[in-house]
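Undergrad: File entry12.pdb follows (PDB, C-alpha atoms):
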ATOM      1  CA  ALA A  74     129.439 177.223 130.866
ATOM      2  CA  ARG A  75     127.328 176.576 127.791
ATOM      3  CA  LEU A  76     130.232 174.941 126.022
ATOM      4  CA  ARG A  77     130.953 172.706 129.029
ATOM      5  CA  MET A  78     127.333 171.556 129.117
ATOM      6  CA  ILE A  79     127.513 170.345 125.537
ATOM      7  CA  ALA A  80     131.093 169.079 125.656
ATOM      8  CA  ASN A  81     129.903 165.453 125.808
ATOM      9  CA  THR A  82     127.421 165.797 122.988
ATOM     10  CA  LYS A  83     128.034 163.288 120.233
ATOM     11  CA  LEU A  84     129.961 164.890 117.366
ATOM     12  CA  LEU A  85     128.272 164.917 114.019
ATOM     13  CA  ARG A  86     129.987 162.926 111.322
ATOM     14  CA  PHE A  87     130.762 165.017 108.286
ATOM     15  CA  ALA A  88     132.521 164.303 105.025
ATOM     16  CA  THR A  89     135.993 165.789 104.905
ATOM     17  CA  SER A  90     135.910 166.767 101.279
ATOM     18  CA  VAL A  91     133.618 168.957  99.218
ATOM     19  CA  THR A  92     131.818 167.279  96.352
ATOM     20  CA  ARG A  93     129.999 168.724  93.423
ATOM     21  CA  HIS A  94     126.623 167.729  94.849
ATOM     22  CA  SER A  95     123.982 170.110  96.104
ATOM     23  CA  HIS A  96     124.550 172.087  99.302
ATOM     24  CA  LYS A  97     121.203 170.879 100.657
ATOM     25  CA  MET A  98     122.198 169.389 103.987
ATOM     26  CA  PRO A  99     120.656 169.072 107.465
ATOM     27  CA  THR A 100     121.042 172.236 109.481
ATOM     28  CA  VAL A 101     123.486 172.436 112.367
ATOM     29  CA  SER A 102     122.659 174.396 115.483
ATOM     30  CA  PHE A 103     125.045 176.788 117.189
ATOM     31  CA  SER A 104     125.387 174.367 120.100
ATOM     32  CA  GLN A 105     126.290 171.526 117.747
ATOM     33  CA  LEU A 106     128.933 173.650 116.065
ATOM     34  CA  ALA A 107     130.354 174.555 119.461
ATOM     35  CA  CYS A 108     131.303 170.907 119.950
ATOM     36  CA  PHE A 109     134.186 171.476 117.556
ATOM     37  CA  SER A 110     137.389 173.155 118.615
ATOM     38  CA  THR A 111     138.867 175.679 116.198
ATOM     39  CA  SER A 112     141.942 173.506 115.765
ATOM     40  CA  SER A 113     140.209 170.232 114.933
ATOM     41  CA  ALA A 114     137.221 169.143 112.868
ATOM     42  CA  ILE A 115     135.812 172.529 111.884
ATOM     43  CA  ASN A 116     139.131 173.707 110.431
ATOM     44  CA  ASN A 117     139.286 170.723 108.101
ATOM     45  CA  ASP A 118     135.670 170.272 107.125
ATOM     46  CA  VAL A 119     134.073 172.688 104.683
ATOM     47  CA  ASP A 120     130.838 170.706 104.717
ATOM     48  CA  SER A 121     130.289 171.244 108.438
ATOM     49  CA  ALA A 122     130.965 174.966 108.006
ATOM     50  CA  SER A 123     128.444 175.023 105.160
ATOM     51  CA  GLU A 124     125.802 173.334 107.288
ATOM     52  CA  PHE A 125     126.305 175.797 110.102
ATOM     53  CA  LEU A 126     126.043 178.833 107.828
ATOM     54  CA  ARG A 127     122.902 177.377 106.274
ATOM     55  CA  SER A 128     121.313 177.189 109.715
ATOM     56  CA  ILE A 129     121.488 180.976 110.188
ATOM     57  CA  PRO A 130     118.434 182.895 108.888
ATOM     58  CA  ALA A 131     119.650 185.884 106.885
ATOM     59  CA  SER A 132     118.596 188.288 104.172
ATOM     60  CA  GLY A 133     120.376 189.172 100.962
ATOM     61  CA  GLY A 134     121.406 186.980  98.080
ATOM     62  CA  ILE A 135     123.680 186.553  95.090
ATOM     63  CA  THR A 136     122.351 185.912  91.593
ATOM     64  CA  LEU A 137     124.023 184.424  88.535
ATOM     65  CA  ASP A 138     123.109 185.841  85.117
ATOM     66  CA  ILE A 139     124.183 183.834  82.083
ATOM     67  CA  SER A 140     122.056 185.757  79.582
ATOM     68  CA  SER A 141     124.643 188.415  78.700
ATOM     69  CA  SER A 142     125.199 189.051  74.998
ATOM     70  CA  HIS A 143     128.915 188.927  75.763
ATOM     71  CA  LYS A 144     130.776 185.715  76.586
ATOM     72  CA  CYS A 145     130.623 186.771  80.226
ATOM     73  CA  ALA A 146     128.564 185.507  83.158
ATOM     74  CA  ILE A 147     127.590 188.048  85.827
ATOM     75  CA  LEU A 148     127.403 187.506  89.598
ATOM     76  CA  THR A 149     125.539 190.252  91.472
ATOM     77  CA  LEU A 150     125.531 190.844  95.228
ATOM     78  CA  HIS A 151     122.061 191.827  96.482
ATOM     79  CA  ASN A 152     121.970 193.419  99.935
ATOM     80  CA  PRO A 153     121.924 197.149  99.133
ATOM     81  CA  SER A 154     120.528 198.306 102.483
ATOM     82  CA  ARG A 155     123.722 196.950 104.088
ATOM     83  CA  ARG A 156     126.013 198.052 101.253
ATOM     84  CA  ASN A 157     126.014 194.453 100.062
ATOM     85  CA  ALA A 158     127.493 193.129 103.298
ATOM     86  CA  LEU A 159     127.809 189.368 103.008
ATOM     87  CA  THR A 160     125.381 187.352 105.104
ATOM     88  CA  PRO A 161     125.627 183.564 105.599
ATOM     89  CA  SER A 162     122.930 182.987 102.972
ATOM     90  CA  MET A 163     124.929 185.075 100.483
ATOM     91  CA  MET A 164     128.040 183.039 101.237
ATOM     92  CA  ILE A 165     126.078 179.861 100.472
ATOM     93  CA  ASP A 166     124.799 181.453  97.245
ATOM     94  CA  LEU A 167     128.360 182.279  96.247
ATOM     95  CA  ALA A 168     129.420 178.658  96.713
ATOM     96  CA  THR A 169     126.402 177.351  94.790
ATOM     97  CA  HIS A 170     127.027 179.631  91.810
ATOM     98  CA  ILE A 171     130.736 178.836  91.705
ATOM     99  CA  GLN A 172     129.795 175.161  91.496
ATOM    100  CA  ASP A 173     127.317 175.997  88.726
ATOM    101  CA  LEU A 174     130.051 177.774  86.775
ATOM    102  CA  GLU A 175     132.478 174.890  87.302
ATOM    103  CA  ASN A 176     129.873 172.516  85.883
ATOM    104  CA  ILE A 177     129.132 174.788  82.926
ATOM    105  CA  CYS A 178     132.819 174.859  82.035
ATOM    106  CA  ILE A 179     133.210 171.091  82.396
ATOM    107  CA  LYS A 180     130.264 170.135  80.179
ATOM    108  CA  GLU A 181     130.528 169.827  76.423
ATOM    109  CA  ASN A 182     129.192 172.776  74.460
ATOM    110  CA  GLY A 183     125.942 171.036  73.516
ATOM    111  CA  GLY A 184     124.671 174.178  71.840
ATOM    112  CA  LYS A 185     124.724 176.110  75.094
ATOM    113  CA  LYS A 186     126.242 179.535  75.492
ATOM    114  CA  GLU A 187     129.989 179.582  76.045
ATOM    115  CA  PHE A 188     131.729 181.777  78.612
ATOM    116  CA  VAL A 189     135.277 182.990  78.948
ATOM    117  CA  ALA A 190     134.763 185.592  81.687
ATOM    118  CA  LEU A 191     132.926 186.305  84.926
ATOM    119  CA  LEU A 192     132.014 189.774  86.219
ATOM    120  CA  LEU A 193     131.371 190.148  89.948
ATOM    121  CA  ARG A 194     129.454 193.300  90.887
ATOM    122  CA  GLY A 195     127.321 194.837  93.632
ATOM    123  CA  GLU A 196     123.778 196.184  93.492
ATOM    124  CA  GLY A 197     122.822 199.705  94.484
ATOM    125  CA  GLY A 198     125.987 201.646  93.691
ATOM    126  CA  TYR A 199     128.327 199.803  96.074
ATOM    127  CA  PHE A 200     130.462 196.700  95.639
ATOM    128  CA  CYS A 201     130.700 195.071  99.083
ATOM    129  CA  SER A 202     131.204 196.173 102.689
ATOM    130  CA  GLY A 203     132.523 192.802 103.872
ATOM    131  CA  ALA A 204     130.795 190.448 106.283
ATOM    132  CA  ASP A 205     127.579 191.633 107.903
ATOM    133  CA  LEU A 206     128.948 192.419 111.375
ATOM    134  CA  LEU A 207     125.485 192.996 112.833
ATOM    135  CA  LEU A 208     124.555 189.418 111.984
ATOM    136  CA  ALA A 209     128.000 188.228 113.027
ATOM    137  CA  ARG A 210     127.450 189.751 116.469
ATOM    138  CA  GLN A 211     124.215 187.812 116.795
ATOM    139  CA  ARG A 212     125.201 184.403 115.381
ATOM    140  CA  LEU A 213     128.949 184.227 114.743
ATOM    141  CA  ALA A 214     130.325 185.739 117.960
ATOM    142  CA  SER A 215     132.289 182.649 118.963
ATOM    143  CA  PRO A 216     135.659 181.172 117.995
ATOM    144  CA  GLU A 217     133.816 178.282 116.347
ATOM    145  CA  GLY A 218     131.561 180.576 114.321
ATOM    146  CA  GLY A 219     134.514 182.634 113.122
ATOM    147  CA  ALA A 220     136.431 179.492 112.189
ATOM    148  CA  ALA A 221     133.473 178.183 110.175
ATOM    149  CA  MET A 222     133.119 181.436 108.246
ATOM    150  CA  SER A 223     136.864 181.711 107.624
ATOM    151  CA  LEU A 224     137.217 178.139 106.407
ATOM    152  CA  PHE A 225     134.178 178.348 104.156
ATOM    153  CA  MET A 226     135.041 181.685 102.537
ATOM    154  CA  SER A 227     138.735 180.877 102.133
ATOM    155  CA  HIS A 228     137.803 177.659 100.362
ATOM    156  CA  TRP A 229     135.262 179.214  98.007
ATOM    157  CA  THR A 230     137.260 182.338  97.160
ATOM    158  CA  THR A 231     140.073 179.953  96.191
ATOM    159  CA  ARG A 232     137.712 178.032  93.918
ATOM    160  CA  LEU A 233     136.501 181.333  92.496
ATOM    161  CA  ARG A 234     140.100 182.231  91.689
ATOM    162  CA  ARG A 235     140.704 178.844  90.053
ATOM    163  CA  LEU A 236     137.651 178.909  87.791
ATOM    164  CA  PRO A 237     138.628 178.477  84.121
ATOM    165  CA  LEU A 238     137.015 181.887  83.521
ATOM    166  CA  ILE A 239     138.694 185.288  83.568
ATOM    167  CA  SER A 240     137.164 186.795  86.719
ATOM    168  CA  VAL A 241     136.745 190.550  87.106
ATOM    169  CA  ALA A 242     135.565 192.449  90.202
ATOM    170  CA  GLY A 243     133.665 195.592  89.211
ATOM    171  CA  ILE A 244     134.126 197.892  92.219
ATOM    172  CA  ASN A 245     131.655 200.759  92.207
ATOM    173  CA  GLY A 246     131.046 203.020  95.212
ATOM    174  CA  GLY A 247     133.555 201.326  97.466
ATOM    175  CA  VAL A 248     134.870 198.107  98.901
ATOM    176  CA  VAL A 249     135.564 197.467 102.581
ATOM    177  CA  GLY A 250     136.882 194.664 104.797
ATOM    178  CA  GLY A 251     135.900 191.229 103.537
ATOM    179  CA  GLY A 252     134.785 192.854 100.287
ATOM    180  CA  THR A 253     138.452 193.554  99.517
ATOM    181  CA  GLU A 254     139.168 189.866 100.072
ATOM    182  CA  LEU A 255     136.435 188.884  97.627
ATOM    183  CA  ALA A 256     137.780 191.359  95.065
ATOM    184  CA  SER A 257     141.369 190.185  95.506
ATOM    185  CA  ALA A 258     140.289 186.628  94.647
ATOM    186  CA  CYS A 259     139.430 187.763  91.109
ATOM    187  CA  ASP A 260     141.912 187.870  88.231
ATOM    188  CA  HIS A 261     141.250 191.553  87.543
ATOM    189  CA  ARG A 262     139.763 194.444  89.495
ATOM    190  CA  LEU A 263     138.150 197.519  87.952
ATOM    191  CA  MET A 264     137.422 200.494  90.187
ATOM    192  CA  GLU A 265     135.047 203.410  89.768
ATOM    193  CA  ASP A 266     136.986 206.671  89.857
ATOM    194  CA  LYS A 267     135.121 207.841  92.972
ATOM    195  CA  ALA A 268     135.373 204.533  94.834
ATOM    196  CA  VAL A 269     137.556 203.800  97.881
ATOM    197  CA  TRP A 270     139.350 200.584  98.844
ATOM    198  CA  ARG A 271     139.713 200.175 102.608
ATOM    199  CA  CYS A 272     140.896 197.186 104.639
ATOM    200  CA  VAL A 273     139.193 197.958 107.956
ATOM    201  CA  HIS A 274     140.069 194.636 109.583
ATOM    202  CA  VAL A 275     142.721 196.142 111.852
ATOM    203  CA  SER A 276     140.313 198.794 113.162
ATOM    204  CA  HIS A 277     138.074 195.951 114.365
ATOM    205  CA  GLY A 278     140.983 194.092 115.935
ATOM    206  CA  LEU A 279     141.037 191.587 113.071
ATOM    207  CA  VAL A 280     143.110 190.347 110.159
ATOM    208  CA  PRO A 281     141.868 188.988 106.831
ATOM    209  CA  GLY A 282     140.579 185.441 107.125
ATOM    210  CA  TRP A 283     139.219 184.655 103.654
ATOM    211  CA  GLY A 284     142.564 184.578 101.838
ATOM    212  CA  GLY A 285     142.707 188.316 101.178
ATOM    213  CA  GLY A 286     145.858 188.932 103.181
ATOM    214  CA  VAL A 287     147.846 186.426 101.146
ATOM    215  CA  ARG A 288     146.450 187.608  97.817
ATOM    216  CA  MET A 289     146.830 191.341  98.456
ATOM    217  CA  THR A 290     150.430 190.824  99.532
ATOM    218  CA  ARG A 291     151.113 188.989  96.279
ATOM    219  CA  LEU A 292     149.414 191.784  94.337
ATOM    220  CA  VAL A 293     151.104 194.840  95.824
ATOM    221  CA  GLY A 294     154.179 193.547  97.656
ATOM    222  CA  ARG A 295     155.162 193.445 101.307
ATOM    223  CA  SER A 296     155.552 197.186 102.004
ATOM    224  CA  ALA A 297     152.258 198.299 100.433
ATOM    225  CA  ALA A 298     150.425 195.328 101.966
ATOM    226  CA  LEU A 299     151.553 196.384 105.439
ATOM    227  CA  LYS A 300     150.174 199.873 104.852
ATOM    228  CA  LEU A 301     146.853 198.430 103.715
ATOM    229  CA  LEU A 302     146.443 195.674 106.306
ATOM    230  CA  ALA A 303     148.355 196.850 109.387
ATOM    231  CA  GLY A 304     147.913 200.591 108.847
ATOM    232  CA  GLY A 305     144.314 200.433 107.646
ATOM    233  CA  LEU A 306     145.233 202.733 104.756
ATOM    234  CA  GLY A 307     142.296 203.625 102.542
ATOM    235  CA  VAL A 308     143.148 204.263  98.902
ATOM    236  CA  ASP A 309     141.206 205.882  96.090
ATOM    237  CA  ALA A 310     141.062 204.503  92.568
ATOM    238  CA  LYS A 311     144.144 206.371  91.347
ATOM    239  CA  GLU A 312     146.245 205.199  94.296
ATOM    240  CA  ALA A 313     144.950 201.639  93.968
ATOM    241  CA  PHE A 314     145.860 201.617  90.280
ATOM    242  CA  GLY A 315     149.312 202.994  90.990
ATOM    243  CA  MET A 316     150.165 200.237  93.470
ATOM    244  CA  GLY A 317     148.823 197.475  91.226
ATOM    245  CA  LEU A 318     145.791 196.734  93.357
ATOM    246  CA  VAL A 319     143.379 197.346  90.465
ATOM    247  CA  ASP A 320     143.831 196.965  86.705
ATOM    248  CA  GLY A 321     141.666 199.796  85.452
ATOM    249  CA  ILE A 322     139.596 202.855  86.417
ATOM    250  CA  VAL A 323     136.032 203.371  85.217
ATOM    251  CA  ASN A 324     134.491 206.847  85.177
ATOM    252  CA  ALA A 325     131.538 207.250  87.530
ATOM    253  CA  THR A 326     128.089 207.854  86.099
ATOM    254  CA  ASN A 327     125.749 210.490  87.508
ATOM    255  CA  SER A 328     122.251 209.554  86.447
ATOM    256  CA  SER A 329     119.265 210.153  88.697
ATOM    257  CA  GLU A 330     118.619 206.419  89.112
ATOM    258  CA  THR A 331     120.884 203.984  90.943
ATOM    259  CA  LEU A 332     119.731 201.101  88.729
ATOM    260  CA  ALA A 333     120.812 202.998  85.629
ATOM    261  CA  ASP A 334     124.174 203.740  87.226
ATOM    262  CA  ASP A 335     124.627 200.032  87.984
ATOM    263  CA  GLU A 336     123.878 199.089  84.381
ATOM    264  CA  ASN A 337     126.153 201.791  82.955
ATOM    265  CA  PHE A 338     128.971 200.668  85.224
ATOM    266  CA  THR A 339     128.450 197.051  84.174
ATOM    267  CA  ASP A 340     128.583 198.045  80.495
ATOM    268  CA  GLU A 341     131.857 199.888  81.090
ATOM    269  CA  CYS A 342     133.326 196.839  82.789
ATOM    270  CA  LEU A 343     132.248 194.586  79.907
ATOM    271  CA  CYS A 344     133.847 196.998  77.437
ATOM    272  CA  TRP A 345     137.103 196.836  79.394
ATOM    273  CA  ILE A 346     137.047 193.026  79.352
ATOM    274  CA  GLU A 347     136.400 193.048  75.618
ATOM    275  CA  LYS A 348     139.341 195.394  75.008
ATOM    276  CA  GLN A 349     141.667 192.900  76.662
ATOM    277  CA  GLY A 350     140.898 190.504  73.803
ATOM    278  CA  TYR A 351     139.279 187.771  75.890
ATOM    279  CA  PHE A 352     136.041 187.652  73.874
ATOM    280  CA  GLN A 353     137.593 187.280  70.426
ATOM    281  CA  TRP A 354     139.288 183.902  70.827
ATOM    282  CA  ASP A 355     138.076 180.314  70.990
ATOM    283  CA  THR A 356     136.372 179.618  74.313
ATOM    284  CA  LYS A 357     138.297 176.443  75.067
ATOM    285  CA  ALA A 358     141.610 178.151  74.287
ATOM    286  CA  VAL A 359     140.911 181.057  76.660
ATOM    287  CA  GLN A 360     139.730 178.735  79.417
ATOM    288  CA  ALA A 361     142.798 176.545  78.921
ATOM    289  CA  ALA A 362     145.080 179.588  79.142
ATOM    290  CA  LYS A 363     143.418 180.597  82.405
ATOM    291  CA  GLN A 364     143.994 177.088  83.777
ATOM    292  CA  VAL A 365     147.681 177.253  82.837
ATOM    293  CA  VAL A 366     148.059 180.555  84.702
ATOM    294  CA  SER A 367     146.133 179.206  87.699
ATOM    295  CA  SER A 368     148.342 176.121  87.797
ATOM    296  CA  ALA A 369     151.467 178.283  87.831
ATOM    297  CA  ALA A 370     150.143 180.677  90.496
ATOM    298  CA  CYS A 371     148.475 178.206  92.875
ATOM    299  CA  ASP A 372     151.188 176.143  94.512
ATOM    300  CA  ASP A 373     151.869 174.435  97.824
ATOM    301  CA  LYS A 374     153.307 177.642  99.264
ATOM    302  CA  GLU A 375     149.999 179.423  98.677
ATOM    303  CA  GLU A 376     148.057 176.592 100.332
ATOM    304  CA  ILE A 377     150.286 176.806 103.393
ATOM    305  CA  ALA A 378     149.974 180.600 103.486
ATOM    306  CA  LEU A 379     146.174 180.427 103.272
ATOM    307  CA  GLN A 380     146.069 177.905 106.123
ATOM    308  CA  ARG A 381     148.281 180.121 108.258
ATOM    309  CA  GLU A 382     146.059 183.121 107.530
ATOM    310  CA  ARG A 383     143.003 181.221 108.743
ATOM    311  CA  ASN A 384     144.847 180.134 111.892
ATOM    312  CA  ILE A 385     145.864 183.718 112.700
ATOM    313  CA  PHE A 386     142.321 184.945 112.020
ATOM    314  CA  CYS A 387     140.934 182.390 114.481
ATOM    315  CA  LYS A 388     143.288 183.660 117.187
ATOM    316  CA  VAL A 389     141.787 187.179 117.053
ATOM    317  CA  TRP A 390     138.141 186.208 116.472
ATOM    318  CA  PRO A 391     135.780 187.301 117.929
ATOM    319  CA  PRO A 392     136.974 190.921 118.143
ATOM    320  CA  ARG A 393     135.716 193.380 120.748
ATOM    321  CA  THR A 394     133.553 195.089 118.127
ATOM    322  CA  ILE A 395     131.610 191.844 117.860
ATOM    323  CA  THR A 396     131.455 190.839 121.520
ATOM    324  CA  LYS A 397     130.566 194.338 122.737
ATOM    325  CA  ASN A 398     127.037 195.586 122.070
TER     326      ASN A 398
END
Please re-express this file's structure in structure tokens.
TA:
Amino acid sequence: ARLRMIANTKLLRFATSVTRHSHKMPTVSFSQLACFSTSSAINNDVDSASEFLRSIPASGGITLDISSSHKCAILTLHNPSRRNALTPSMMIDLATHIQDLENICIKENGGKKEFVALLLRGEGGYFCSGADLLLARQRLASPEGGAAMSLFMSHWTTRLRRLPLISVAGINGGVVGGGTELASACDHRLMEDKAVWRCVHVSHGLVPGWGGGVRMTRLVGRSAALKLLAGGLGVDAKEAFGMGLVDGIVNATNSSETLADDENFTDECLCWIEKQGYFQWDTKAVQAAKQVVSSAACDDKEEIALQRERNIFCKVWPPRTITKN
């Protein structure tokens, strides 16, 4: 009934392409977003999805650290009380920092620090537990809300993957649901030996909607992907390494302070990146090599597959776990 009441509301006019300008835009209310059908404007307009997500008050954040002594920038997820579940504000932060990194790579050196790698990590001994379903139940429990989130995250995880930096997901503690999709968007994944990788989408009546289904299938193959995505199979670090899901295993630390554990884990990840040889070569050469690989891997078939994944996700959103209290 609510949707019928606003059916005649004038549609907002949004740009159909994402620019490199700031994300500061007017907020869009839930009722305004509901004017869009999942098969029309919202599915083709990242800006409108961004505006809607910005309109949702949420905690948590993502920070970008470019002060590392290594040639590596560090993105850290900050929402430890929710095991770093991604809130709308964190999704906006992710997009903002990816744009910042794109701009850093485009600019001439100018005496500034050069980067060849990006480490993505979680605060508080856990990588990421996916989207914050509690907040989703309150503000995203509609086909339009799910479509906005799917479009936005699929777009920005793709841009994360195409950065001219070697991206590495440092998975400590565990990774669940949408967190696996974020990790699969990176070039490499390192996993703490006690961590668990679990695609819980199917247990919620869902499928991946941020590009993770396509990317995990390409990583591990059809058979293993079915076990992960349709069977909800959880795998430990050794199993994940064996199937090609992760590239390395990092020994867990057991200090009395979580902050110290986070720092030790980060140092281990940086050591692994250094051992691959990425830090020893000319910055422009490494970035150019990454662009060559990205160009070979990102083709029209992937674009079509990502679009189909979003369409399938929209058919099953919202799931009963969201609509039921």
Undergrad: Work out how far CA of His274 (chain A) is from CA of Leu299 (chain A), in Å to one decimal.
TA: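 Interatomic distance here is 12.3 Å.
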Undergrad: The PyMOL selection byres ((chain A and resi 370-373) around 12) - which residues does that actually catch in the file I just gave you? List them as a list in words.
TA: Thr231, Arg232, Arg234, Arg235, Leu236, Ala258, Asp260, Val287, Arg288, Arg291, Leu292, Lys363, Gln364, Val365, Val366, Ser367, Ser368, Ala369, Lys374, Glu375, Glu376, Ile377, Ala378, Leu379 and Gln380 of chain A
Undergrad: Name every residue that the PyMOL selection byres ((chain A and resi 134) around 12) selects in this structure, writing the answer as an NGL selection string with chains first and numbers rising.
TA: :A and (130-133 or 135-137 or 148-153 or 155 or 157-170 or 195-196)
Undergrad: To one decimal place, how far is CA of Leu306 (chain A) from CA of Val293 (chain A) in Å?
TA: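 These two atoms are separated by 13.3 Å.
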Undergrad: Can you pull out every residue within 12 Å of Phe338 (chain A), counting all atoms listed in the file, but drop anything in the same chain fewer than 2 positions away, and send it as a PyMOL selection string?
TA: chain A and resi 192-200+242-246+263-266+322-328+331-336+340-345
Undergrad: How about saving the chosen residues, C-alpha atoms kept, as an mmCIF file, in the coordinates of the input?
TA:
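Wrote it out as result-v8.cif, contents follow:
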data_model
loop_
_atom_site.group_PDB
_atom_site.id
_atom_site.type_symbol
_atom_site.label_atom_id
_atom_site.label_comp_id
_atom_site.auth_asym_id
_atom_site.auth_seq_id
_atom_site.Cartn_x
_atom_site.Cartn_y
_atom_site.Cartn_z
ATOM 1 C CA LEU A 192 132.014 189.774 86.219
ATOM 2 C CA LEU A 193 131.371 190.148 89.948
ATOM 3 C CA ARG A 194 129.454 193.300 90.887
ATOM 4 C CA GLY A 195 127.321 194.837 93.632
ATOM 5 C CA GLU A 196 123.778 196.184 93.492
ATOM 6 C CA GLY A 197 122.822 199.705 94.484
ATOM 7 C CA GLY A 198 125.987 201.646 93.691
ATOM 8 C CA TYR A 199 128.327 199.803 96.074
ATOM 9 C CA PHE A 200 130.462 196.700 95.639
ATOM 10 C CA ALA A 242 135.565 192.449 90.202
ATOM 11 C CA GLY A 243 133.665 195.592 89.211
ATOM 12 C CA ILE A 244 134.126 197.892 92.219
ATOM 13 C CA ASN A 245 131.655 200.759 92.207
ATOM 14 C CA GLY A 246 131.046 203.020 95.212
ATOM 15 C CA LEU A 263 138.150 197.519 87.952
ATOM 16 C CA MET A 264 137.422 200.494 90.187
ATOM 17 C CA GLU A 265 135.047 203.410 89.768
ATOM 18 C CA ASP A 266 136.986 206.671 89.857
ATOM 19 C CA ILE A 322 139.596 202.855 86.417
ATOM 20 C CA VAL A 323 136.032 203.371 85.217
ATOM 21 C CA ASN A 324 134.491 206.847 85.177
ATOM 22 C CA ALA A 325 131.538 207.250 87.530
ATOM 23 C CA THR A 326 128.089 207.854 86.099
ATOM 24 C CA ASN A 327 125.749 210.490 87.508
ATOM 25 C CA SER A 328 122.251 209.554 86.447
ATOM 26 C CA THR A 331 120.884 203.984 90.943
ATOM 27 C CA LEU A 332 119.731 201.101 88.729
ATOM 28 C CA ALA A 333 120.812 202.998 85.629
ATOM 29 C CA ASP A 334 124.174 203.740 87.226
ATOM 30 C CA ASP A 335 124.627 200.032 87.984
ATOM 31 C CA GLU A 336 123.878 199.089 84.381
ATOM 32 C CA ASP A 340 128.583 198.045 80.495
ATOM 33 C CA GLU A 341 131.857 199.888 81.090
ATOM 34 C CA CYS A 342 133.326 196.839 82.789
ATOM 35 C CA LEU A 343 132.248 194.586 79.907
ATOM 36 C CA CYS A 344 133.847 196.998 77.437
ATOM 37 C CA TRP A 345 137.103 196.836 79.394
#
Undergrad: Give me, please, the distance in Å between CA of Asn384 (chain A) and CA of Gly294 (chain A), quoted to one decimal.
TA: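 Between CA of Asn384 (chain A) and CA of Gly294 (chain A) the gap is 21.7 Å.
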Undergrad: Leaving out Glu312 (chain A) and any residue of its chain fewer than 3 positions from it, which residues lie within 12 Å of it when counting all atoms listed in the file, given as a PyMOL selection string?
TA: chain A and resi 264+266-271+293+297+301+306-309+315-322
Undergrad: From the set A:Ser240, A:Ser141, A:Thr253, A:Ser121, which residue has the shortest atom-to-atom contact distance to Ile346 (chain A), counting only C-alpha atoms?
TA: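 Comparing A:Ser240, A:Ser141, A:Thr253, A:Ser121 against Ile346 (chain A), the winner is A:Ser240.
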Undergrad: Smallest atom-to-atom distance to Cys178 (chain A): which of A:Ser140, A:Ser128, A:Thr356, A:Asn337, using only C-alpha atoms?
TA: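 Smallest distance to Cys178 (chain A) is found for A:Thr356.
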Undergrad: Please list as number ranges by chain every residue within 7 Å of Pro392 (chain A), counting all atoms listed in the file and excluding residues in the same chain fewer than 3 positions away.
TA: A: 277-279, 389, 395-396
Undergrad: Pick the closest to Ser154 (chain A) from A:Leu224, A:Val248, A:Leu302, A:Asp205: which is it, counting all atoms listed in the file?
TA: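 Under the stated criterion, the closest residue is A:Asp205.
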